[in-house]
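Enquirer: File name query-v1.cif; file contents mmCIF, C-alpha atoms; full text below.
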data_data
#
loop_
_atom_site.label_atom_id
_atom_site.label_comp_id
_atom_site.auth_asym_id
_atom_site.auth_seq_id
_atom_site.Cartn_x
_atom_site.Cartn_y
_atom_site.Cartn_z
CA MET A 1 27.02 -16.08 21.09
CA ASP A 2 28.16 -17.36 17.72
CA ILE A 3 27.41 -14.70 15.10
CA ASN A 4 29.84 -14.65 12.20
CA ILE A 5 29.73 -11.29 10.44
CA ARG A 6 31.34 -10.99 7.03
CA PRO A 7 34.40 -8.69 6.94
CA GLU A 8 34.01 -5.18 5.55
CA SER A 9 36.51 -5.93 2.79
CA GLU A 10 34.11 -8.46 1.22
CA CYS A 11 30.99 -6.30 1.25
CA LYS A 12 29.79 -3.05 -0.27
CA PHE A 13 27.24 -2.47 2.50
CA ASP A 14 27.46 -2.90 6.25
CA MET A 15 23.71 -3.23 6.48
CA VAL A 16 20.71 -3.30 4.16
CA SER A 17 17.06 -3.09 5.14
CA LEU A 18 14.13 -4.57 3.23
CA GLY A 19 10.67 -3.07 3.59
CA GLU A 20 8.29 -0.25 2.77
CA VAL A 21 9.15 3.43 3.03
CA MET A 22 6.09 5.60 3.51
CA LEU A 23 5.47 9.32 3.66
CA ARG A 24 4.44 10.35 7.17
CA PHE A 25 2.15 13.33 7.67
CA ASP A 26 2.64 14.75 11.16
CA PRO A 27 0.17 17.35 12.56
CA GLY A 28 2.63 18.22 15.35
CA GLU A 29 0.83 18.87 18.63
CA GLY A 30 -2.57 18.83 16.93
CA ARG A 31 -4.97 16.22 15.60
CA ILE A 32 -5.22 14.65 12.15
CA ARG A 33 -8.93 15.41 12.00
CA THR A 34 -8.48 19.18 12.55
CA ALA A 35 -5.09 19.78 10.92
CA ARG A 36 -4.54 22.61 8.42
CA SER A 37 -0.89 21.75 7.83
CA PHE A 38 1.40 18.74 8.26
CA LYS A 39 5.13 18.23 8.55
CA VAL A 40 6.35 15.52 6.19
CA TRP A 41 8.83 12.77 7.09
CA GLU A 42 9.87 9.52 5.50
CA GLY A 43 9.66 6.38 7.58
CA GLY A 44 9.20 2.63 7.71
CA GLY A 45 9.80 -0.08 10.29
CA GLU A 46 12.73 -1.56 8.38
CA TYR A 47 14.09 1.58 6.70
CA ASN A 48 14.30 3.47 10.00
CA VAL A 49 17.00 1.04 11.16
CA ALA A 50 19.14 1.59 8.07
CA ARG A 51 18.83 5.36 8.38
CA ALA A 52 19.78 5.39 12.05
CA LEU A 53 22.75 3.10 11.47
CA HIS A 54 24.06 5.49 8.83
CA LYS A 55 23.11 8.88 10.21
CA GLY A 56 23.73 8.23 13.90
CA PHE A 57 26.24 5.40 13.93
CA GLY A 58 28.28 6.03 10.78
CA MET A 59 27.64 2.79 8.91
CA ASN A 60 27.27 2.31 5.16
CA THR A 61 23.64 1.30 4.59
CA ALA A 62 21.08 0.86 1.83
CA VAL A 63 17.37 0.15 1.54
CA ILE A 64 15.75 -2.46 -0.66
CA THR A 65 12.30 -1.18 -1.50
CA ALA A 66 10.03 -0.28 -4.39
CA ILE A 67 8.65 3.19 -5.00
CA ALA A 68 6.02 4.23 -7.51
CA ASP A 69 7.70 6.51 -10.03
CA ASN A 70 5.72 9.74 -9.65
CA GLU A 71 6.11 13.06 -7.84
CA ILE A 72 5.47 11.54 -4.41
CA GLY A 73 8.05 8.89 -5.21
CA LYS A 74 10.55 11.61 -6.11
CA LEU A 75 9.88 13.24 -2.74
CA LEU A 76 10.53 9.93 -0.97
CA PHE A 77 13.77 9.53 -2.92
CA ASP A 78 14.88 13.00 -1.89
CA LEU A 79 14.11 12.35 1.79
CA ILE A 80 15.96 9.03 1.73
CA GLU A 81 18.95 10.70 0.08
CA GLN A 82 18.95 13.38 2.79
CA GLY A 83 19.22 10.59 5.35
CA GLY A 84 22.32 9.25 3.59
CA VAL A 85 20.90 5.78 2.90
CA SER A 86 21.88 4.46 -0.52
CA THR A 87 19.04 4.46 -3.04
CA GLU A 88 20.77 2.24 -5.61
CA LEU A 89 18.78 -0.86 -4.59
CA ILE A 90 15.38 0.84 -4.91
CA TYR A 91 13.14 -0.42 -7.69
CA LYS A 92 11.18 2.33 -9.45
CA MET A 93 7.83 0.91 -10.43
CA LYS A 94 5.86 2.41 -13.29
CA THR A 95 2.45 3.75 -12.36
CA ASP A 96 -0.47 5.60 -13.89
CA ALA A 97 -1.94 9.03 -13.27
CA ILE A 98 -4.22 7.89 -10.42
CA GLY A 99 -2.02 5.28 -8.75
CA LYS A 100 -4.17 2.32 -9.76
CA THR A 101 -1.28 0.14 -10.93
CA ALA A 102 1.08 1.15 -8.11
CA ARG A 103 1.26 3.90 -5.52
CA ASN A 104 3.28 5.11 -2.54
CA GLY A 105 2.14 4.56 1.02
CA LEU A 106 0.97 7.45 3.20
CA ASN A 107 0.90 7.40 6.98
CA PHE A 108 -0.91 10.05 9.03
CA THR A 109 0.27 9.86 12.65
CA GLU A 110 -0.46 12.04 15.66
CA ARG A 111 1.76 11.80 18.72
CA GLY A 112 -0.81 11.83 21.50
CA PHE A 113 -0.42 13.51 24.87
CA GLY A 114 -1.30 12.48 28.40
CA ILE A 115 -4.50 10.44 28.43
CA ARG A 116 -4.87 10.76 24.62
CA GLY A 117 -2.86 8.00 23.01
CA ALA A 118 -0.88 8.22 19.78
CA MET A 119 -2.89 7.34 16.69
CA SER A 120 -2.03 6.30 13.16
CA CYS A 121 -4.14 6.25 10.01
CA SER A 122 -2.45 4.60 7.03
CA ASP A 123 -3.29 4.77 3.34
CA ARG A 124 -1.13 2.06 1.79
CA ALA A 125 -3.20 -0.42 -0.25
CA GLY A 126 -1.68 -1.42 -3.58
CA THR A 127 1.71 0.16 -2.93
CA ALA A 128 4.70 -0.55 -5.13
CA ILE A 129 6.56 -2.57 -2.51
CA SER A 130 3.52 -4.76 -1.80
CA LYS A 131 3.55 -5.79 -5.48
CA ALA A 132 7.31 -6.14 -5.97
CA THR A 133 8.75 -9.64 -6.46
CA SER A 134 12.24 -11.05 -5.97
CA GLU A 135 12.82 -10.65 -9.71
CA ASP A 136 12.51 -6.89 -9.28
CA PHE A 137 15.51 -6.81 -6.93
CA ASP A 138 17.95 -9.60 -7.95
CA PHE A 139 18.90 -10.79 -4.47
CA LYS A 140 21.75 -12.92 -5.84
CA TYR A 141 23.40 -9.77 -7.15
CA ILE A 142 22.81 -7.84 -3.91
CA PHE A 143 24.00 -10.47 -1.43
CA GLY A 144 26.34 -12.44 -3.66
CA ASP A 145 28.03 -9.92 -5.97
CA LEU A 146 27.83 -6.67 -3.99
CA GLY A 147 28.03 -8.25 -0.55
CA VAL A 148 26.03 -7.32 2.55
CA ARG A 149 27.18 -7.89 6.12
CA TRP A 150 23.76 -7.62 7.77
CA LEU A 151 20.15 -7.71 6.49
CA HIS A 152 17.33 -6.30 8.60
CA THR A 153 13.69 -6.83 7.71
CA GLY A 154 10.41 -7.31 9.53
CA GLY A 155 6.85 -8.41 9.92
CA ILE A 156 5.29 -5.18 8.70
CA TYR A 157 6.67 -5.81 5.23
CA GLY A 158 5.62 -9.45 5.39
CA ALA A 159 2.06 -8.46 6.24
CA LEU A 160 1.49 -6.18 3.25
CA SER A 161 0.50 -8.92 0.77
CA GLU A 162 1.07 -12.54 -0.19
CA THR A 163 3.62 -11.26 -2.71
CA SER A 164 5.58 -9.31 -0.10
CA ALA A 165 5.69 -12.33 2.22
CA LYS A 166 7.11 -14.49 -0.59
CA THR A 167 9.63 -11.82 -1.56
CA LEU A 168 10.76 -11.42 2.05
CA LEU A 169 11.28 -15.16 2.47
CA GLU A 170 13.31 -15.33 -0.76
CA ALA A 171 15.48 -12.43 0.41
CA VAL A 172 16.18 -14.03 3.77
CA LYS A 173 17.06 -17.39 2.22
CA THR A 174 19.38 -15.78 -0.33
CA ALA A 175 21.06 -13.62 2.30
CA LYS A 176 21.77 -16.69 4.43
CA LYS A 177 23.19 -18.51 1.40
CA TYR A 178 25.86 -15.81 1.04
CA GLY A 179 26.71 -15.54 4.74
CA THR A 180 24.78 -12.37 5.57
CA VAL A 181 23.54 -12.08 9.16
CA VAL A 182 19.75 -11.65 9.21
CA SER A 183 17.70 -9.87 11.87
CA TYR A 184 13.92 -9.85 11.90
CA ASP A 185 11.61 -7.57 13.86
CA LEU A 186 8.29 -9.36 14.35
CA ASN A 187 6.49 -5.99 14.47
CA TYR A 188 2.90 -7.28 14.58
CA ARG A 189 0.28 -4.94 13.10
CA ALA A 190 -3.25 -6.22 13.60
CA SER A 191 -4.66 -3.72 11.09
CA LEU A 192 -2.52 -5.22 8.32
CA TRP A 193 -3.05 -8.89 9.18
CA ASP A 194 -6.82 -8.45 9.58
CA ILE A 195 -7.11 -8.02 5.82
CA ASN A 196 -4.38 -10.54 4.95
CA GLY A 197 -5.48 -13.74 6.64
CA GLY A 198 -5.70 -12.71 10.28
CA LEU A 199 -3.81 -14.09 13.24
CA GLU A 200 -3.58 -17.61 11.83
CA LYS A 201 -1.86 -16.37 8.66
CA ALA A 202 0.41 -14.08 10.65
CA ARG A 203 1.67 -17.02 12.67
CA GLU A 204 2.04 -19.27 9.64
CA ILE A 205 4.21 -16.76 7.78
CA ASN A 206 6.26 -15.55 10.75
CA LYS A 207 7.01 -19.06 11.97
CA GLU A 208 8.40 -19.93 8.54
CA ILE A 209 10.53 -16.79 8.27
CA VAL A 210 12.02 -17.13 11.76
CA LYS A 211 13.49 -20.51 10.75
CA TYR A 212 16.00 -18.64 8.58
CA VAL A 213 17.07 -15.69 10.74
CA ASP A 214 19.86 -15.20 13.28
CA VAL A 215 18.41 -12.44 15.46
CA VAL A 216 14.72 -11.96 16.25
CA ILE A 217 13.37 -8.82 17.92
CA GLY A 218 9.90 -8.22 19.29
CA SER A 219 7.83 -6.25 21.75
CA GLU A 220 5.75 -7.73 24.54
CA GLU A 221 2.82 -8.62 22.21
CA ASP A 222 4.80 -9.68 19.14
CA PHE A 223 5.91 -13.09 20.39
CA THR A 224 2.30 -13.95 21.25
CA ALA A 225 0.66 -12.60 18.11
CA CYS A 226 3.30 -13.68 15.57
CA LEU A 227 4.62 -16.92 17.06
CA GLY A 228 1.88 -18.04 19.46
CA TYR A 229 3.81 -17.88 22.76
CA GLU A 230 2.03 -16.88 25.97
CA PRO A 231 4.23 -15.45 28.74
CA GLU A 232 3.01 -16.37 32.20
CA GLY A 233 1.80 -13.78 34.69
CA ILE A 234 1.13 -11.02 32.15
CA ASP A 235 -2.28 -9.39 32.29
CA GLU A 236 -4.30 -8.69 29.16
CA GLY A 237 -3.70 -4.94 29.39
CA LEU A 238 0.10 -5.41 29.44
CA THR A 239 0.39 -3.26 32.55
CA ASN A 240 2.57 -5.69 34.51
CA LEU A 241 5.61 -6.31 32.36
CA ASP A 242 7.83 -8.14 34.84
CA PRO A 243 10.95 -9.34 32.97
CA GLU A 244 10.96 -12.55 35.00
CA SER A 245 7.67 -13.56 33.39
CA PHE A 246 9.25 -13.52 29.94
CA LYS A 247 12.32 -15.65 30.66
CA LYS A 248 10.55 -18.99 30.34
CA MET A 249 8.95 -17.86 27.08
CA LEU A 250 12.29 -16.85 25.57
CA ASP A 251 13.79 -20.18 26.62
CA GLN A 252 11.00 -21.91 24.72
CA VAL A 253 11.55 -19.73 21.63
CA ALA A 254 15.25 -20.66 21.70
CA ALA A 255 14.39 -24.37 22.01
CA ASP A 256 11.93 -24.23 19.10
CA TYR A 257 14.27 -22.25 16.84
CA PRO A 258 17.85 -23.44 17.43
CA ASN A 259 19.02 -21.28 14.50
CA LEU A 260 18.46 -18.13 16.57
CA LYS A 261 21.61 -16.64 18.07
CA LEU A 262 19.92 -13.75 19.90
CA ILE A 263 16.30 -13.15 20.93
CA ALA A 264 15.54 -9.61 22.08
CA ASN A 265 12.28 -8.76 23.84
CA MET A 266 11.38 -5.07 24.30
CA LEU A 267 9.23 -4.27 27.34
CA HIS A 268 7.30 -1.05 26.99
CA THR A 269 4.80 0.08 29.62
CA VAL A 270 2.65 2.99 28.43
CA LYS A 271 1.50 4.81 31.55
CA THR A 272 0.26 7.72 29.48
CA ALA A 273 1.12 8.87 25.96
CA SER A 274 3.65 11.20 27.62
CA VAL A 275 5.15 8.90 30.28
CA ASN A 276 6.47 5.40 29.57
CA ASP A 277 8.63 2.78 31.26
CA TRP A 278 11.11 1.16 28.88
CA MET A 279 13.65 -1.67 28.94
CA ALA A 280 14.59 -4.86 27.10
CA ILE A 281 15.76 -8.39 27.79
CA CYS A 282 17.81 -10.70 25.58
CA ARG A 283 18.10 -14.48 25.40
CA THR A 284 21.61 -15.69 24.57
CA ASP A 285 23.13 -19.17 24.65
CA SER A 286 24.22 -18.46 28.22
CA GLY A 287 20.90 -17.22 29.60
CA VAL A 288 18.63 -14.18 29.73
CA LEU A 289 20.08 -10.68 30.19
CA ARG A 290 18.24 -7.48 31.08
CA SER A 291 18.99 -3.86 30.29
CA HIS A 292 18.83 -0.79 32.45
CA GLU A 293 15.19 0.15 33.06
CA TYR A 294 14.13 3.67 32.12
CA LYS A 295 11.34 4.57 34.55
CA ASP A 296 8.86 7.39 33.91
CA LEU A 297 10.49 8.33 30.64
CA GLU A 298 9.07 11.56 29.22
CA VAL A 299 7.89 11.07 25.63
CA LEU A 300 7.57 13.56 22.79
CA ASP A 301 6.97 11.03 19.98
CA ARG A 302 7.14 7.28 20.54
CA VAL A 303 6.96 6.27 16.87
CA GLY A 304 10.06 4.35 15.86
CA ILE A 305 11.22 3.33 19.35
CA GLY A 306 11.47 -0.35 18.40
CA ASP A 307 13.36 0.47 15.20
CA SER A 308 15.76 2.60 17.22
CA PHE A 309 16.31 -0.22 19.68
CA ALA A 310 17.11 -2.50 16.73
CA ALA A 311 19.60 0.02 15.31
CA GLY A 312 21.51 0.44 18.58
CA PHE A 313 21.45 -3.29 19.26
CA ILE A 314 22.68 -4.20 15.76
CA TYR A 315 25.41 -1.52 15.85
CA ALA A 316 26.85 -2.90 19.08
CA ILE A 317 26.81 -6.51 17.87
CA MET A 318 28.48 -5.51 14.60
CA LYS A 319 31.17 -3.71 16.57
CA GLY A 320 31.94 -6.91 18.46
CA MET A 321 30.33 -5.95 21.77
CA GLU A 322 28.74 -8.46 24.11
CA PRO A 323 24.92 -8.86 24.21
CA GLN A 324 24.68 -6.97 27.50
CA GLU A 325 26.33 -3.94 25.93
CA ALA A 326 24.13 -4.31 22.85
CA LEU A 327 21.04 -4.20 25.07
CA GLU A 328 22.25 -0.94 26.61
CA TYR A 329 22.94 0.64 23.23
CA GLY A 330 19.53 -0.42 21.98
CA THR A 331 17.51 0.82 24.96
CA ALA A 332 19.47 4.08 25.31
CA HIS A 333 18.97 4.83 21.61
CA GLY A 334 15.26 4.02 21.89
CA ALA A 335 14.92 6.29 24.91
CA LEU A 336 16.58 9.17 23.07
CA VAL A 337 14.41 8.76 19.98
CA MET A 338 11.28 9.21 22.09
CA THR A 339 12.48 12.76 22.80
CA THR A 340 12.36 13.94 19.16
CA PRO A 341 9.60 14.08 16.53
CA GLY A 342 9.32 11.88 13.45
CA ASP A 343 9.86 8.20 12.69
CA THR A 344 13.62 8.42 12.25
CA SER A 345 16.41 8.92 14.78
CA MET A 346 18.07 12.28 15.38
CA ALA A 347 20.50 10.86 17.95
CA SER A 348 24.25 10.35 17.58
CA VAL A 349 26.36 7.52 18.90
CA GLU A 350 28.01 10.02 21.26
CA GLU A 351 24.62 10.90 22.75
CA VAL A 352 23.72 7.23 23.11
CA GLU A 353 26.97 6.56 24.94
CA ALA A 354 26.41 9.60 27.16
CA VAL A 355 23.06 8.18 28.24
CA ILE A 356 24.62 4.77 28.87
CA ASN A 357 27.35 6.41 30.95
CA ASN A 358 24.72 8.40 32.86
CA ARG A 359 26.02 11.85 32.01
CA GLY A 360 22.48 13.16 32.05
CA ALA A 361 20.71 15.98 30.24
CA ARG A 362 22.73 19.00 31.37
CA VAL A 363 23.31 21.78 28.86
CA LYS A 364 26.37 21.05 26.71
CA ARG A 365 28.46 24.23 26.30
#
What does this structure look like when you write it as structure tokens?

Expert:
Amino acid sequence: MDINIRPESECKFDMVSLGEVMLRFDPGEGRIRTARSFKVWEGGGEYNVARALHKGFGMNTAVITAIADNEIGKLLFDLIEQGGVSTELIYKMKTDAIGKTARNGLNFTERGFGIRGAMSCSDRAGTAISKATSEDFDFKYIFGDLGVRWLHTGGIYGALSETSAKTLLEAVKTAKKYGTVVSYDLNYRASLWDINGGLEKAREINKEIVKYVDVVIGSEEDFTACLGYEPEGIDEGLTNLDPESFKKMLDQVAADYPNLKLIANMLHTVKTASVNDWMAICRTDSGVLRSHEYKDLEVLDRVGIGDSFAAGFIYAIMKGMEPQEALEYGTAHGALVMTTPGDTSMASVEEVEAVINNRGARVKR
């Protein structure tokens, strides 16, 4: 593995994420359609990684995003500040009284239970970040003048609009120019791509972006939907996620994209909304590694599991650990996050290491 991470002395931020931050409305154990009250969280596929790396792993992080400058935007700012992620790179976009020129994304998500799966209903058309361009952020200043050791972004942001896809690509290219390591979570969302060019457009954009990244992360469906790879021996319902079936696919990804240093594939079997199997594999220059497999994992809220894997994985790599250790940090962190509500992690690095070291769930006194 040949990942050169810029020294802390050269950079203001250990890690910066680029993507949308939405307001999540959580009905708790109930349903969206019958709710009389909601708990409010902030969350976003890219932002969640920055928050976890700061709050749980002690790193200095920031988020590059755009927020419509109104009362909802002020609430998002406050929530981000509570998470300790720097807000200095956030672009405040002017809006009007009804959010026609720019607005903030809302995400209504219920957790599911047993045979009733989790469900999400987003309201995010015309959001500030979907309209923001590279000129709104000044990537040369961020990556060149301030200095960033690691950039994390993803396919959700790229799917929001043609503008967001162009802005993402410009950010990745600029980050690489200044020696920043770039990770990219494919994070396919059919509901977003259906209105932005469909599967063909998703593959066109993702294939171009992946040419410029160092670490790519994806779930069992992401490599097929975003990059067009078909793992052998996997049924359509994704109920037989044998790691051996994915090795050949990851070898092909590595051959097609020689710029990639690490390729992480999360394997998530949803038995019910409340019981999942969970593990990950990673393609390195020396072969394919596999993590510990968490069988029959009890789930409270599965939202953000992939982001939590990314955070644990990135933390370990940045600390100089080997890919096998990074896999264990990523999967242990993901497993812990499924035990708490909300999009963002409530776990600490000590808890992650306790899970890795198999100290179990006994009461801590």

Enquirer: Can you translate the PyMOL selection byres ((chain A and resi 322-328) around 12) into the concrete residues it hits in this file, as a PDB file with C-alpha atoms, keeping the file's coordinate frame?

Expert:
ATOM      1  CA  MET A   1      27.020 -16.080  21.090  1.00  0.00           C
ATOM      2  CA  ASP A   2      28.160 -17.360  17.720  1.00  0.00           C
ATOM      3  CA  ILE A   3      27.410 -14.700  15.100  1.00  0.00           C
ATOM      4  CA  VAL A 215      18.410 -12.440  15.460  1.00  0.00           C
ATOM      5  CA  ILE A 217      13.370  -8.820  17.920  1.00  0.00           C
ATOM      6  CA  LYS A 261      21.610 -16.640  18.070  1.00  0.00           C
ATOM      7  CA  LEU A 262      19.920 -13.750  19.900  1.00  0.00           C
ATOM      8  CA  ILE A 263      16.300 -13.150  20.930  1.00  0.00           C
ATOM      9  CA  ALA A 264      15.540  -9.610  22.080  1.00  0.00           C
ATOM     10  CA  ASN A 265      12.280  -8.760  23.840  1.00  0.00           C
ATOM     11  CA  MET A 266      11.380  -5.070  24.300  1.00  0.00           C
ATOM     12  CA  TRP A 278      11.110   1.160  28.880  1.00  0.00           C
ATOM     13  CA  MET A 279      13.650  -1.670  28.940  1.00  0.00           C
ATOM     14  CA  ALA A 280      14.590  -4.860  27.100  1.00  0.00           C
ATOM     15  CA  ILE A 281      15.760  -8.390  27.790  1.00  0.00           C
ATOM     16  CA  CYS A 282      17.810 -10.700  25.580  1.00  0.00           C
ATOM     17  CA  ARG A 283      18.100 -14.480  25.400  1.00  0.00           C
ATOM     18  CA  THR A 284      21.610 -15.690  24.570  1.00  0.00           C
ATOM     19  CA  ASP A 285      23.130 -19.170  24.650  1.00  0.00           C
ATOM     20  CA  SER A 286      24.220 -18.460  28.220  1.00  0.00           C
ATOM     21  CA  GLY A 287      20.900 -17.220  29.600  1.00  0.00           C
ATOM     22  CA  VAL A 288      18.630 -14.180  29.730  1.00  0.00           C
ATOM     23  CA  LEU A 289      20.080 -10.680  30.190  1.00  0.00           C
ATOM     24  CA  ARG A 290      18.240  -7.480  31.080  1.00  0.00           C
ATOM     25  CA  SER A 291      18.990  -3.860  30.290  1.00  0.00           C
ATOM     26  CA  HIS A 292      18.830  -0.790  32.450  1.00  0.00           C
ATOM     27  CA  GLU A 293      15.190   0.150  33.060  1.00  0.00           C
ATOM     28  CA  TYR A 294      14.130   3.670  32.120  1.00  0.00           C
ATOM     29  CA  SER A 308      15.760   2.600  17.220  1.00  0.00           C
ATOM     30  CA  PHE A 309      16.310  -0.220  19.680  1.00  0.00           C
ATOM     31  CA  ALA A 310      17.110  -2.500  16.730  1.00  0.00           C
ATOM     32  CA  ALA A 311      19.600   0.020  15.310  1.00  0.00           C
ATOM     33  CA  GLY A 312      21.510   0.440  18.580  1.00  0.00           C
ATOM     34  CA  PHE A 313      21.450  -3.290  19.260  1.00  0.00           C
ATOM     35  CA  ILE A 314      22.680  -4.200  15.760  1.00  0.00           C
ATOM     36  CA  TYR A 315      25.410  -1.520  15.850  1.00  0.00           C
ATOM     37  CA  ALA A 316      26.850  -2.900  19.080  1.00  0.00           C
ATOM     38  CA  ILE A 317      26.810  -6.510  17.870  1.00  0.00           C
ATOM     39  CA  MET A 318      28.480  -5.510  14.600  1.00  0.00           C
ATOM     40  CA  LYS A 319      31.170  -3.710  16.570  1.00  0.00           C
ATOM     41  CA  GLY A 320      31.940  -6.910  18.460  1.00  0.00           C
ATOM     42  CA  MET A 321      30.330  -5.950  21.770  1.00  0.00           C
ATOM     43  CA  TYR A 329      22.940   0.640  23.230  1.00  0.00           C
ATOM     44  CA  GLY A 330      19.530  -0.420  21.980  1.00  0.00           C
ATOM     45  CA  THR A 331      17.510   0.820  24.960  1.00  0.00           C
ATOM     46  CA  ALA A 332      19.470   4.080  25.310  1.00  0.00           C
ATOM     47  CA  HIS A 333      18.970   4.830  21.610  1.00  0.00           C
ATOM     48  CA  GLY A 334      15.260   4.020  21.890  1.00  0.00           C
ATOM     49  CA  ALA A 335      14.920   6.290  24.910  1.00  0.00           C
ATOM     50  CA  VAL A 352      23.720   7.230  23.110  1.00  0.00           C
ATOM     51  CA  GLU A 353      26.970   6.560  24.940  1.00  0.00           C
ATOM     52  CA  ALA A 354      26.410   9.600  27.160  1.00  0.00           C
ATOM     53  CA  VAL A 355      23.060   8.180  28.240  1.00  0.00           C
ATOM     54  CA  ILE A 356      24.620   4.770  28.870  1.00  0.00           C
ATOM     55  CA  ASN A 357      27.350   6.410  30.950  1.00  0.00           C
ATOM     56  CA  ASN A 358      24.720   8.400  32.860  1.00  0.00           C
TER      57      ASN A 358
END

Enquirer: Would you please work out which residue, of A:Ile90, A:Ala68, A:Ile32, A:Ala52, is nearest to Ser120 (chain A) when using only C-alpha atoms?

Expert: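 Residue with the minimum atom-to-atom distance to Ser120 (chain A): A:Ile32.
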
Enquirer: List the residues selected by the PyMOL selection byres ((chain A and resi 67) around 7) in the file shown, writing them as a JSON list (two decimals) with C-alpha atoms, in the coordinates of the input.

Expert:
[["chain", "number", "residue", "atom", "x", "y", "z"],
["A", 65, "THR", "CA", 12.30, -1.18, -1.50],
["A", 66, "ALA", "CA", 10.03, -0.28, -4.39],
["A", 68, "ALA", "CA", 6.02, 4.23, -7.51],
["A", 69, "ASP", "CA", 7.70, 6.51, -10.03],
["A", 73, "GLY", "CA", 8.05, 8.89, -5.21],
["A", 91, "TYR", "CA", 13.14, -0.42, -7.69],
["A", 92, "LYS", "CA", 11.18, 2.33, -9.45],
["A", 93, "MET", "CA", 7.83, 0.91, -10.43],
["A", 104, "ASN", "CA", 3.28, 5.11, -2.54],
["A", 128, "ALA", "CA", 4.70, -0.55, -5.13],
["A", 129, "ILE", "CA", 6.56, -2.57, -2.51]]

Enquirer: Do you have the CA of Gly112 (chain A)-CA of Leu336 (chain A) distance handy?

Expert: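 Spanning CA of Gly112 (chain A) to CA of Leu336 (chain A) is a straight-line distance of 17.7 Å.
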
Enquirer: Just the number, please: distance in Å from CA of Val349 (chain A) to CA of Thr87 (chain A), one decimal.

Expert: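 Taking CA of Val349 (chain A) as the start and CA of Thr87 (chain A) as the end point, the length is 23.3 Å.
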
Enquirer: Rounded to one decimal in Å, what is the spacing between CA of Phe77 (chain A) and CA of Val216 (chain A)?

Expert: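 Calculated distance between CA of Phe77 (chain A) and CA of Val216 (chain A) is 28.8 Å.
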
Enquirer: Would you mind writing region 192-203 of chain A with N, CA, C and O atoms, as an mmCIF file, keeping the file's coordinate frame?

Expert:
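The result, written out as selection.cif:
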data_model
loop_
_atom_site.group_PDB
_atom_site.id
_atom_site.type_symbol
_atom_site.label_atom_id
_atom_site.label_comp_id
_atom_site.auth_asym_id
_atom_site.auth_seq_id
_atom_site.Cartn_x
_atom_site.Cartn_y
_atom_site.Cartn_z
ATOM 1 N N LEU A 192 -2.984 -4.656 9.584
ATOM 2 C CA LEU A 192 -2.520 -5.220 8.320
ATOM 3 C C LEU A 192 -2.915 -6.690 8.187
ATOM 4 O O LEU A 192 -3.374 -7.133 7.129
ATOM 5 N N TRP A 193 -2.749 -7.458 9.253
ATOM 6 C CA TRP A 193 -3.050 -8.890 9.180
ATOM 7 C C TRP A 193 -4.549 -9.153 9.097
ATOM 8 O O TRP A 193 -4.969 -10.175 8.549
ATOM 9 N N ASP A 194 -5.370 -8.246 9.633
ATOM 10 C CA ASP A 194 -6.820 -8.450 9.580
ATOM 11 C C ASP A 194 -7.332 -8.594 8.162
ATOM 12 O O ASP A 194 -8.330 -9.277 7.915
ATOM 13 N N ILE A 195 -6.664 -7.946 7.209
ATOM 14 C CA ILE A 195 -7.110 -8.020 5.820
ATOM 15 C C ILE A 195 -6.230 -8.956 4.991
ATOM 16 O O ILE A 195 -6.412 -9.062 3.781
ATOM 17 N N ASN A 196 -5.288 -9.621 5.670
ATOM 18 C CA ASN A 196 -4.380 -10.540 4.950
ATOM 19 C C ASN A 196 -4.299 -11.899 5.638
ATOM 20 O O ASN A 196 -3.222 -12.475 5.762
ATOM 21 N N GLY A 197 -5.451 -12.386 6.094
ATOM 22 C CA GLY A 197 -5.480 -13.740 6.640
ATOM 23 C C GLY A 197 -5.605 -13.834 8.137
ATOM 24 O O GLY A 197 -5.745 -14.942 8.675
ATOM 25 N N GLY A 198 -5.518 -12.696 8.842
ATOM 26 C CA GLY A 198 -5.700 -12.710 10.280
ATOM 27 C C GLY A 198 -4.557 -13.321 11.056
ATOM 28 O O GLY A 198 -3.461 -13.550 10.540
ATOM 29 N N LEU A 199 -4.834 -13.607 12.324
ATOM 30 C CA LEU A 199 -3.810 -14.090 13.240
ATOM 31 C C LEU A 199 -3.223 -15.432 12.795
ATOM 32 O O LEU A 199 -2.010 -15.665 12.911
ATOM 33 N N GLU A 200 -4.057 -16.301 12.270
ATOM 34 C CA GLU A 200 -3.580 -17.610 11.830
ATOM 35 C C GLU A 200 -2.543 -17.474 10.716
ATOM 36 O O GLU A 200 -1.498 -18.138 10.722
ATOM 37 N N LYS A 201 -2.808 -16.587 9.755
ATOM 38 C CA LYS A 201 -1.860 -16.370 8.660
ATOM 39 C C LYS A 201 -0.593 -15.693 9.158
ATOM 40 O O LYS A 201 0.515 -16.012 8.707
ATOM 41 N N ALA A 202 -0.754 -14.757 10.085
ATOM 42 C CA ALA A 202 0.410 -14.080 10.650
ATOM 43 C C ALA A 202 1.366 -15.074 11.279
ATOM 44 O O ALA A 202 2.587 -15.001 11.094
ATOM 45 N N ARG A 203 0.823 -16.017 12.017
ATOM 46 C CA ARG A 203 1.670 -17.020 12.670
ATOM 47 C C ARG A 203 2.287 -17.987 11.658
ATOM 48 O O ARG A 203 3.458 -18.348 11.783
#
